[in-house]
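Text of upload35.txt, listed as compact mmCIF, C-alpha atoms:
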```txt
# COMPACT_ATOMS: atom_id res chain seq x y z
CA MET N 196 144.98 38.01 -233.11
CA THR N 197 147.85 40.03 -234.51
CA PRO N 198 149.96 42.28 -232.24
CA ALA N 199 148.46 45.35 -233.94
CA ASN N 200 144.93 44.15 -233.22
CA ARG N 201 145.85 43.31 -229.64
CA LYS N 202 147.19 46.82 -229.15
CA LYS N 203 144.03 48.29 -230.69
CA SER N 204 141.83 46.15 -228.44
CA ALA N 205 143.86 47.14 -225.35
CA PHE N 206 143.60 50.81 -226.30
CA VAL N 207 139.80 50.58 -226.71
CA SER N 208 139.46 48.72 -223.41
CA GLY N 209 141.65 51.28 -221.65
CA LEU N 210 139.65 54.16 -223.11
CA LEU N 211 136.35 52.61 -222.03
CA SER N 212 137.70 51.93 -218.56
CA LEU N 213 138.90 55.56 -218.31
CA THR N 214 135.40 56.87 -219.09
CA ARG N 215 134.08 54.91 -216.12
CA LYS N 216 136.32 56.82 -213.70
CA GLN N 217 134.59 59.59 -211.76
CA LEU N 218 137.40 62.05 -212.50
CA PHE N 219 136.96 61.56 -216.25
CA ILE N 220 134.38 64.36 -216.65
CA PRO N 221 136.30 67.08 -214.73
CA ILE N 222 139.60 66.12 -216.37
CA ALA N 223 138.00 66.14 -219.82
CA ALA N 224 136.44 69.55 -219.11
CA LEU N 225 139.78 70.91 -217.87
CA LEU N 226 141.62 69.64 -220.95
CA ALA N 227 138.98 71.16 -223.23
CA LEU N 228 139.40 74.57 -221.57
CA ILE N 229 143.19 74.35 -221.73
CA VAL N 230 143.18 73.42 -225.42
CA PHE N 231 140.67 76.16 -226.24
CA ASN N 232 142.77 78.84 -224.54
CA LEU N 233 146.00 77.55 -226.07
CA ILE N 234 144.46 77.91 -229.52
CA ALA N 235 142.59 81.17 -228.91
CA ASP N 236 145.25 83.02 -226.93
CA PRO N 237 148.34 81.31 -225.44
CA SER N 238 149.05 84.43 -223.36
CA PHE N 239 146.24 83.21 -221.09
CA PHE N 240 148.82 81.03 -219.33
CA ILE N 241 151.42 83.73 -218.70
CA ILE N 242 152.18 84.47 -215.03
CA LYS N 243 154.00 87.68 -214.14
CA LEU N 244 155.71 88.82 -210.96
CA GLY N 245 155.00 92.48 -210.24
CA TYR N 246 154.40 94.88 -207.37
CA ASN N 247 151.17 96.15 -205.85
CA SER N 248 150.38 99.65 -204.55
CA ALA N 249 152.25 98.87 -201.31
CA ASN N 250 155.34 97.92 -203.34
CA GLN N 251 155.02 94.26 -202.34
CA PRO N 252 155.77 91.44 -204.81
CA VAL N 253 152.64 89.76 -206.18
CA LEU N 254 151.96 87.23 -208.90
CA SER N 255 149.41 88.16 -211.56
CA GLY N 256 147.82 86.48 -214.55
CA TYR N 257 144.68 84.57 -215.46
CA LEU N 258 145.92 81.37 -213.80
CA ILE N 259 146.52 83.26 -210.55
CA THR N 260 142.99 84.67 -210.78
CA ILE N 261 141.64 81.14 -211.20
CA LEU N 262 143.53 79.93 -208.12
CA ASP N 263 142.51 83.02 -206.15
CA TYR N 264 138.77 83.14 -206.78
CA GLY N 265 138.48 79.41 -207.37
CA SER N 266 139.64 78.89 -203.78
CA GLU N 267 136.44 80.48 -202.48
CA LEU N 268 134.40 78.09 -204.61
CA ALA N 269 136.51 75.10 -203.56
CA ILE N 270 135.82 75.85 -199.88
CA LEU N 271 132.08 76.02 -200.56
CA ALA N 272 132.23 72.85 -202.66
CA ILE N 273 133.53 70.96 -199.61
CA GLY N 274 130.41 71.74 -197.58
CA MET N 275 128.05 71.47 -200.54
CA THR N 276 129.37 67.99 -201.36
CA LEU N 277 128.61 66.71 -197.86
CA VAL N 278 125.15 68.31 -197.86
CA THR N 279 124.35 66.85 -201.27
CA SER N 280 125.58 63.41 -200.25
CA ALA N 281 123.58 63.22 -197.02
CA SER N 282 120.38 65.06 -197.94
CA GLY N 283 120.07 64.34 -201.66
CA GLY N 284 119.59 68.05 -202.32
CA GLN N 285 121.44 71.34 -202.39
CA ASP N 286 121.60 74.49 -200.27
CA ILE N 287 120.71 77.46 -202.47
CA SER N 288 121.12 79.98 -199.62
CA VAL N 289 124.94 79.98 -199.37
CA GLY N 290 125.28 83.32 -201.20
CA ALA N 291 122.90 85.03 -198.78
CA ALA N 292 124.56 83.26 -195.84
CA ILE N 293 127.95 84.59 -196.96
CA ALA N 294 126.47 88.09 -196.91
CA ILE N 295 125.27 87.49 -193.33
CA ALA N 296 128.65 86.11 -192.21
CA GLY N 297 130.51 89.02 -193.80
CA SER N 298 128.12 91.52 -192.21
CA VAL N 299 128.63 89.92 -188.79
CA ILE N 300 132.41 90.16 -189.15
CA LEU N 301 132.19 93.86 -190.00
CA LYS N 302 129.74 94.48 -187.16
CA VAL N 303 132.10 92.97 -184.58
CA LEU N 304 135.12 94.81 -185.98
CA CYS N 305 133.38 98.18 -186.39
CA GLY N 306 131.05 98.15 -183.40
CA ASN N 307 128.49 100.94 -183.74
CA GLU N 308 130.68 103.00 -186.06
CA SER N 309 130.65 102.68 -189.83
CA ARG N 310 134.12 104.26 -190.25
CA PRO N 311 136.10 103.35 -187.11
CA ASP N 312 139.66 104.60 -186.62
CA HIS N 313 140.67 101.17 -185.39
CA MET N 314 139.12 97.72 -185.12
CA LYS N 315 137.00 97.23 -182.00
CA ALA N 316 137.89 93.54 -181.64
CA PRO N 317 140.55 91.10 -182.86
CA ILE N 318 139.88 89.61 -186.31
CA ILE N 319 139.89 86.09 -184.87
CA VAL N 320 137.05 87.02 -182.51
CA ALA N 321 134.99 88.45 -185.36
CA PHE N 322 135.62 85.33 -187.42
CA LEU N 323 134.62 82.98 -184.60
CA VAL N 324 131.40 84.93 -184.06
CA ALA N 325 130.69 84.67 -187.80
CA CYS N 326 131.34 80.91 -187.63
CA LEU N 327 128.84 80.57 -184.79
CA VAL N 328 126.19 82.60 -186.63
CA ALA N 329 126.76 80.75 -189.91
CA MET N 330 126.52 77.39 -188.14
CA LEU N 331 123.27 78.47 -186.50
CA PHE N 332 121.78 79.34 -189.88
CA GLY N 333 123.15 76.06 -191.22
CA ALA N 334 121.47 74.26 -188.32
CA PHE N 335 118.23 76.09 -189.18
CA ASN N 336 118.36 74.84 -192.77
CA GLY N 337 119.44 71.39 -191.63
CA SER N 338 116.60 71.15 -189.11
CA LEU N 339 114.01 71.91 -191.78
CA VAL N 340 115.47 69.19 -193.97
CA ALA N 341 116.26 66.58 -191.31
CA PHE N 342 113.40 66.90 -188.84
CA PHE N 343 110.60 68.47 -190.86
CA LYS N 344 111.37 66.47 -194.04
CA ILE N 345 111.27 69.54 -196.27
CA GLN N 346 113.02 69.32 -199.62
CA PRO N 347 116.49 70.96 -199.32
CA MET N 348 115.94 73.53 -202.08
CA VAL N 349 112.57 74.53 -200.60
CA ALA N 350 113.96 74.65 -197.05
CA THR N 351 116.93 76.82 -198.02
CA LEU N 352 114.75 79.07 -200.17
CA ILE N 353 113.73 80.83 -196.94
CA LEU N 354 117.25 82.04 -196.17
CA PHE N 355 117.92 82.61 -199.87
CA THR N 356 115.04 85.10 -199.88
CA ALA N 357 115.61 86.80 -196.53
CA GLY N 358 119.37 86.44 -196.01
CA ARG N 359 120.60 89.61 -197.70
CA SER N 360 117.99 91.69 -195.89
CA ILE N 361 119.18 90.18 -192.60
CA ALA N 362 122.77 91.04 -193.55
CA ALA N 363 121.82 94.67 -194.22
CA TRP N 364 119.80 94.85 -190.99
CA ILE N 365 122.81 93.71 -188.92
CA ASN N 366 124.69 96.89 -189.86
CA ASN N 367 121.62 99.16 -190.04
CA ASN N 368 121.81 99.27 -193.85
CA GLU N 369 125.18 100.99 -193.62
CA LEU N 370 128.36 99.91 -195.43
CA PRO N 371 131.08 99.69 -192.75
CA ILE N 372 134.67 100.17 -193.90
CA ILE N 373 137.78 98.77 -192.21
CA ALA N 374 140.71 101.10 -192.81
CA GLU N 375 143.45 98.96 -191.22
CA PRO N 376 145.48 97.10 -193.88
CA GLU N 377 145.87 93.96 -191.73
CA PHE N 378 142.25 93.07 -192.38
CA SER N 379 142.79 92.96 -196.14
CA TYR N 380 145.47 90.29 -195.89
CA PHE N 381 142.89 87.47 -195.76
CA GLY N 382 141.43 88.34 -199.15
CA THR N 383 144.49 89.69 -200.95
CA PHE N 384 148.18 89.13 -200.17
CA ILE N 385 150.26 88.80 -197.04
CA PRO N 386 153.23 91.21 -197.35
CA GLY N 387 156.23 89.41 -198.81
CA ILE N 388 154.22 86.44 -200.11
CA PRO N 389 153.32 86.79 -203.82
CA ILE N 390 150.64 84.08 -203.78
CA PRO N 391 147.06 85.16 -202.87
CA THR N 392 146.11 84.32 -199.30
CA PRO N 393 142.81 82.57 -200.24
CA VAL N 394 144.91 79.84 -201.88
CA PHE N 395 146.48 79.02 -198.51
CA ILE N 396 143.13 79.23 -196.71
CA ALA N 397 141.59 76.82 -199.21
CA ALA N 398 144.55 74.45 -198.85
CA ALA N 399 144.10 74.47 -195.05
CA CYS N 400 140.38 73.69 -195.44
CA MET N 401 141.19 70.80 -197.79
CA VAL N 402 143.69 69.33 -195.34
CA ILE N 403 141.18 69.61 -192.50
CA ILE N 404 138.33 67.94 -194.40
CA PHE N 405 140.58 65.15 -195.66
CA LEU N 406 141.72 64.45 -192.09
CA VAL N 407 138.11 64.51 -190.89
CA LEU N 408 137.02 62.09 -193.61
CA LYS N 409 140.03 59.85 -192.94
CA PHE N 410 139.82 59.63 -189.15
CA THR N 411 136.04 59.85 -188.62
CA ASN N 412 133.01 58.09 -190.07
CA LEU N 413 131.45 61.31 -191.37
CA GLY N 414 132.00 60.42 -195.03
CA LEU N 415 130.70 56.87 -194.57
CA TYR N 416 127.65 58.03 -192.61
CA SER N 417 126.84 60.79 -195.12
CA GLN N 418 126.95 58.38 -198.04
CA SER N 419 124.98 55.74 -196.15
CA VAL N 420 122.23 58.21 -195.22
CA GLY N 421 122.12 59.56 -198.77
CA ILE N 422 121.82 56.10 -200.31
CA ASN N 423 119.25 54.64 -197.91
CA PRO N 424 118.30 56.46 -194.67
CA HIS N 425 116.07 53.60 -193.52
CA SER N 426 118.86 51.03 -193.72
CA SER N 427 121.20 53.51 -192.02
CA ARG N 428 118.78 53.83 -189.11
CA LEU N 429 118.65 50.03 -188.77
CA ASN N 430 122.45 50.04 -188.56
CA GLY N 431 122.46 52.50 -185.66
CA ILE N 432 123.00 55.72 -187.64
CA ASN N 433 120.74 58.69 -186.96
CA PRO N 434 120.03 60.17 -190.43
CA ALA N 435 118.64 63.43 -189.03
CA ILE N 436 121.77 64.14 -186.97
CA VAL N 437 124.06 63.32 -189.89
CA LYS N 438 122.16 65.73 -192.16
CA LEU N 439 122.21 68.42 -189.47
CA ILE N 440 125.99 68.06 -189.07
CA THR N 441 126.61 68.40 -192.81
CA TYR N 442 124.60 71.62 -192.96
CA MET N 443 126.53 73.01 -190.01
CA ILE N 444 129.82 72.12 -191.71
CA LEU N 445 128.60 73.99 -194.78
CA GLY N 446 127.92 76.90 -192.41
CA LEU N 447 131.59 76.85 -191.36
CA CYS N 448 132.63 76.93 -195.03
CA VAL N 449 130.29 79.89 -195.55
CA ALA N 450 131.93 81.79 -192.68
CA VAL N 451 135.41 81.24 -194.16
CA VAL N 452 134.29 82.50 -197.57
CA GLY N 453 132.50 85.42 -195.89
CA LEU N 454 135.79 86.47 -194.27
CA ILE N 455 137.60 86.29 -197.62
CA LYS N 456 134.88 88.26 -199.40
CA VAL N 457 134.74 91.22 -197.01
CA SER N 458 138.52 91.20 -196.60
CA ARG N 459 139.05 91.68 -200.34
CA ILE N 460 137.42 95.13 -200.33
CA SER N 461 137.36 95.87 -196.56
CA THR N 462 133.61 96.47 -196.77
CA ILE N 463 130.49 94.77 -198.12
CA ASN N 464 127.77 95.28 -200.69
CA TYR N 465 124.82 93.27 -199.44
CA SER N 466 123.06 92.84 -202.79
CA VAL N 467 126.16 91.92 -204.81
CA VAL N 468 128.50 89.98 -202.53
CA ALA N 469 128.64 86.26 -203.48
CA LYS N 470 125.83 86.76 -206.00
CA ASP N 471 124.94 83.48 -207.78
CA ILE N 472 127.79 81.66 -206.03
CA GLU N 473 125.36 78.93 -204.95
CA MET N 474 124.91 77.95 -208.61
CA ASP N 475 128.69 77.64 -209.06
CA ALA N 476 129.03 75.56 -205.89
CA ILE N 477 126.30 73.15 -207.01
CA LEU N 478 127.80 72.99 -210.49
CA ALA N 479 131.22 72.19 -208.99
CA VAL N 480 129.72 69.18 -207.19
CA ALA N 481 128.00 68.02 -210.39
CA LEU N 482 131.08 68.58 -212.54
CA GLY N 483 133.01 66.41 -210.10
CA GLY N 484 130.83 63.51 -211.19
CA ASN N 485 128.91 63.36 -207.91
CA SER N 486 125.24 62.45 -207.99
CA LEU N 487 123.02 65.42 -207.11
CA GLY N 488 120.56 62.89 -205.73
CA GLY N 489 122.85 62.02 -202.83
CA GLY N 490 124.93 59.01 -201.87
CA LYS N 491 128.55 58.37 -202.84
CA PHE N 492 130.82 61.35 -203.36
CA ASN N 493 134.39 62.14 -204.34
CA MET N 494 135.69 65.20 -202.49
CA PRO N 495 138.81 65.74 -204.65
CA ALA N 496 136.59 65.66 -207.75
CA SER N 497 134.31 68.34 -206.28
CA ILE N 498 137.28 70.56 -205.45
CA MET N 499 138.66 70.06 -208.95
CA GLY N 500 135.22 70.91 -210.31
CA ALA N 501 135.28 74.20 -208.38
CA TYR N 502 138.53 75.32 -210.00
CA ILE N 503 137.27 74.23 -213.42
CA ILE N 504 134.14 76.36 -212.97
CA GLN N 505 136.37 79.33 -212.13
CA PHE N 506 138.53 78.44 -215.15
CA LEU N 507 135.40 78.65 -217.32
CA THR N 508 134.32 81.94 -215.71
CA THR N 509 137.76 83.51 -216.16
CA THR N 510 137.89 82.32 -219.78
CA LEU N 511 134.53 83.93 -220.52
CA TYR N 512 135.65 87.19 -218.92
CA LYS N 513 138.90 87.01 -220.90
CA PHE N 514 136.92 87.02 -224.13
CA ASN N 515 134.73 89.93 -222.99
CA VAL N 516 131.55 87.97 -222.36
CA ASP N 517 129.10 90.22 -220.53
CA SER N 518 128.67 89.31 -216.86
CA THR N 519 124.90 89.13 -217.31
CA ALA N 520 125.39 86.40 -219.92
CA LEU N 521 127.61 84.18 -217.73
CA PRO N 522 124.69 82.25 -216.15
CA ALA N 523 123.49 81.31 -219.64
CA TYR N 524 126.83 79.69 -220.50
CA LYS N 525 126.92 77.90 -217.16
CA ALA N 526 123.34 76.76 -217.70
CA VAL N 527 124.51 74.99 -220.85
CA VAL N 528 127.09 73.11 -218.75
CA VAL N 529 124.35 72.21 -216.23
CA ILE N 530 122.13 70.86 -219.01
CA ILE N 531 124.95 68.71 -220.39
CA LEU N 532 125.80 67.32 -216.94
CA VAL N 533 122.16 66.62 -216.08
CA VAL N 534 121.59 64.85 -219.40
CA LEU N 535 124.76 62.75 -218.99
CA SER N 536 123.74 61.77 -215.46
CA ALA N 537 120.17 60.87 -216.45
CA PRO N 538 119.40 57.14 -215.90
CA VAL N 539 118.27 56.64 -219.51
CA VAL N 540 121.48 58.13 -220.91
CA ARG N 541 123.67 56.20 -218.48
CA GLU N 542 121.92 52.98 -219.46
CA LYS N 543 122.55 53.67 -223.14
CA ILE N 544 126.21 54.45 -222.46
CA ASN N 545 126.63 51.23 -220.47
CA GLN N 546 124.98 49.23 -223.25
CA PHE N 547 127.36 50.79 -225.76
CA LYS N 548 130.35 49.98 -223.57
CA LYS N 549 129.25 46.35 -223.20
CA SER N 550 128.64 45.93 -226.92
CA SER N 551 132.02 47.54 -227.70
CA ALA N 552 133.78 45.25 -225.23
CA LYS N 553 132.16 42.10 -226.68
CA LYS N 554 132.66 43.08 -230.30
CA PRO N 555 135.49 40.93 -231.73
CA VAL N 556 138.38 42.58 -233.47
CA LYS N 557 138.76 41.39 -237.06
CA GLU N 558 142.08 39.86 -237.86
CA VAL N 559 144.01 41.13 -240.80
CA ALA N 560 145.13 38.40 -243.14
```
Take the structure from the file and write it as structure tokens.
Amino acid sequence: MTPANRKKSAFVSGLLSLTRKQLFIPIAALLALIVFNLIADPSFFIIKLGYNSANQPVLSGYLITILDYGSELAILAIGMTLVTSASGGQDISVGAAIAIAGSVILKVLCGNESRPDHMKAPIIVAFLVACLVAMLFGAFNGSLVAFFKIQPMVATLILFTAGRSIAAWINNNELPIIAEPEFSYFGTFIPGIPIPTPVFIAAACMVIIFLVLKFTNLGLYSQSVGINPHSSRLNGINPAIVKLITYMILGLCVAVVGLIKVSRISTINYSVVAKDIEMDAILAVALGGNSLGGGKFNMPASIMGAYIIQFLTTTLYKFNVDSTALPAYKAVVVIILVVLSAPVVREKINQFKKSSAKKPVKEVA
């Protein structure tokens, strides 16, 4: 075999081995979006340093928007990945649960007034109460899945349907407003720091989950239960408890996103807040190359998938795509991912890879 043919064979083998990596799909999607925006409008990547209404320095630009709003999705993707891995299904109620968590935060801070002169409790107290409530609703969903053996999408459909009404009921259908600027820091900017605060919150959540996965058996147990709950039980793992814990962790993620959401505008709109965010969270998990049927997962890939979904959303907004049409574009991505992950398609791809690997390279005389 000539040196040229050896190089060609090594390149083909390297390319085939790259496609087998779980991060291949999100990286390929990210590169496609980058190339598209570079060709269509290179100004998409410009970042500017300006000043907000309070005369504080802030960074602006489409990339900052992706980091800002993608951070919310990345936090949700953490919990959704664990739930998907352990239960083999997805929680479609996270948008409604965010509305509940945000409503609880405003209720604690405003008390019985809709326009208080000052906050009735420290923000940390309101957040901890929201965490407790969100975990309780997560435990409710998890109990239906773990103990009553109800399919995750069916079990979470209950809260999906009733959640926003519960959120409105908490504040008597009023829209409380927090006037104190300190509350807005969690969803916008901390004075003197030009990077959006949600980016730091998301980074803290990532560090925490990576430490949890590194120093506990949560990741191993979740994957084991998702792959084969019966074998897990024989090995001393309680599948029901593992599933319940993952749903409660998702509840914590929901509470964090709820704080960010209501902090951005210092109030809440029950019917609009976090609308359709559950679809984006599920899509982030799928785009990360994780099986939606449960089992093994890659947390960094899910987080990357979350930012890529926000990259796609921001790109569509940049080119004036109507907000009502966004789900249609995302549905196309879902179809592609589902088709690529289908057993028949995967089998065909593996057969092609094997035939390509065995095919001899013709020598040039």
Who sits within 12 Å of Phe384 in chain N, only C-alpha atoms, same chain under 4 positions skipped, as a list of chain:residue names: N:Tyr246, N:Asn247, N:Ser248, N:Ala249, N:Asn250, N:Gln251, N:Pro252, N:Val253, N:Leu254, N:Ser255, N:Asp263, N:Pro376, N:Glu377, N:Phe378, N:Ser379, N:Tyr380, N:Ile388, N:Pro389, N:Ile390, N:Pro391, N:Thr392, N:Pro393, N:Val394, N:Phe395, N:Ile396, N:Ile455, N:Ser458, N:Arg459
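Residues in contact range of Val457 in chain N, defined as at most 10 Å between all atoms listed in the file, with sequence neighbours fewer than 6 positions away removed, read Ile293, Ala294, Ala296, Gly297, Ser298, Ile300, Leu301, Ile372, Ile373, Phe378, Ser379, Phe381, Gly382, Ile463, Asn464 and Val468 of chain N.
In this structure, CA of Leu406 in chain N sits 25.0 Å away from CA of Val320 in chain N.
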Long-range neighbours of Ser309 in chain N as an MDAnalysis selection string, 7 Å cut-off, only C-alpha atoms, 5 positions minimum in chain: chainID N and resid 369:372
Go through N:Gly414, N:Gly306, N:Gly284, N:Pro424 and flag the residue nearest Ala350 in chain N, using only C-alpha atoms for the distances.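 Of all the options, N:Gly284 lies closest to Ala350 in chain N.
Near Gly446 in chain N, within a cut-off of 9 Å and counting only C-alpha atoms, sit the residues N:Gly274, N:Val289, N:Ala292, N:Ile293, N:Cys326, N:Leu327, N:Val328, N:Ala329, N:Met330, N:Leu331, N:Phe332, N:Gly333, N:Ala334, N:Thr441, N:Tyr442, N:Ala450, N:Val451, with same-chain residues fewer than 4 positions away left out.
Of the residues listed (N:Thr260, N:Ser288, N:Ser518, N:Ser280), N:Ser288 shows the shortest atom-to-atom separation from Met474 in chain N; distances use only C-alpha atoms.
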Please compute the CA of Asp471 in chain N-CA of Gly290 in chain N distance, one decimal, in Å.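 Distance reported for this atom pair: 6.6 Å.
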Using only C-alpha atoms, find the one residue out of N:Val230, N:Val299, N:Leu413, N:Val534 that sits nearest to Asn367 in chain N. N:Val299
Got a sec: who's within 9 Å of Ile472 in chain N, counting only C-alpha atoms, leaving out chain neighbours fewer than 3 positions off, as a list in words?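 Non-adjacent residues within range: Leu268, Leu271, Ile287, Val289, Gly290, Ala469, Asp475, Ala476 and Ile477 of chain N.
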When you draw a straight line from CA of Ala321 in chain N to CA of Cys305 in chain N, how long is it in Å? 9.9 Å
Restricting the calculation to all atoms listed in the file, which member of N:Ser497, N:Gly337, N:Gly421, N:Asn412 is positioned closest to Ile220 in chain N? N:Ser497
Find the residue from N:Leu218, N:Gly488, N:Ser238, N:Met275 that sits nearest to Gln346 in chain N; use all atoms listed in the file when measuring.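 The closest residue to Gln346 in chain N is N:Gly488.
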Would you compute the box with edges along x, y and z of the file around range 443-453 of chain N, including every atom the file lists for it and 3 Å extra on each side, and give its centre and edge lengths in Å to one decimal, as lines of an AutoDock Vina configuration file?
```
center_x = 131.0
center_y = 78.8
center_z = -193.8
size_x = 14.9
size_y = 19.3
size_z = 13.6
```
List as a PyMOL selection string the residues having at least one atom at most 9 Å from position (121.6, 68.5, -188.1) as given in the file, counting all atoms listed in the file. chain N and resi 333-338+340-342+434-443
Which residue gives the smallest distance to Ile460 in chain N among N:Ala316, N:Met348, N:Ile241, N:Ala374, with all atoms listed in the file counted?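 Ranked by minimum distance to Ile460 in chain N, first place goes to N:Ala374.
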Can you check which parts of range 359-476 of chain N lie within 9 Å of range 492-496 of chain N? Per residue, the shortest pair of atoms and distance in Å to one decimal, counting all atoms listed in the file, sorted by chain and number, as JSON lines.
```
{"residue": "N:Met401", "atom": "CA", "partner": "N:Pro495", "partner_atom": "CA", "distance": 8.9}
{"residue": "N:Ile404", "atom": "CA", "partner": "N:Met494", "partner_atom": "CA", "distance": 8.9}
{"residue": "N:Phe405", "atom": "CA", "partner": "N:Met494", "partner_atom": "CA", "distance": 8.4}
{"residue": "N:Gly414", "atom": "CA", "partner": "N:Phe492", "partner_atom": "CA", "distance": 8.5}
{"residue": "N:Gln418", "atom": "CA", "partner": "N:Phe492", "partner_atom": "CA", "distance": 7.2}
```
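Residues of protein, DNA and RNA with at least one atom no farther than 9 Å from (121.1, 96.8, -200.3) are, using all atoms listed in the file, Arg359, Ser360, Ala363, Asn368, Glu369, Asn464, Tyr465, Ser466 and Val467 of chain N.
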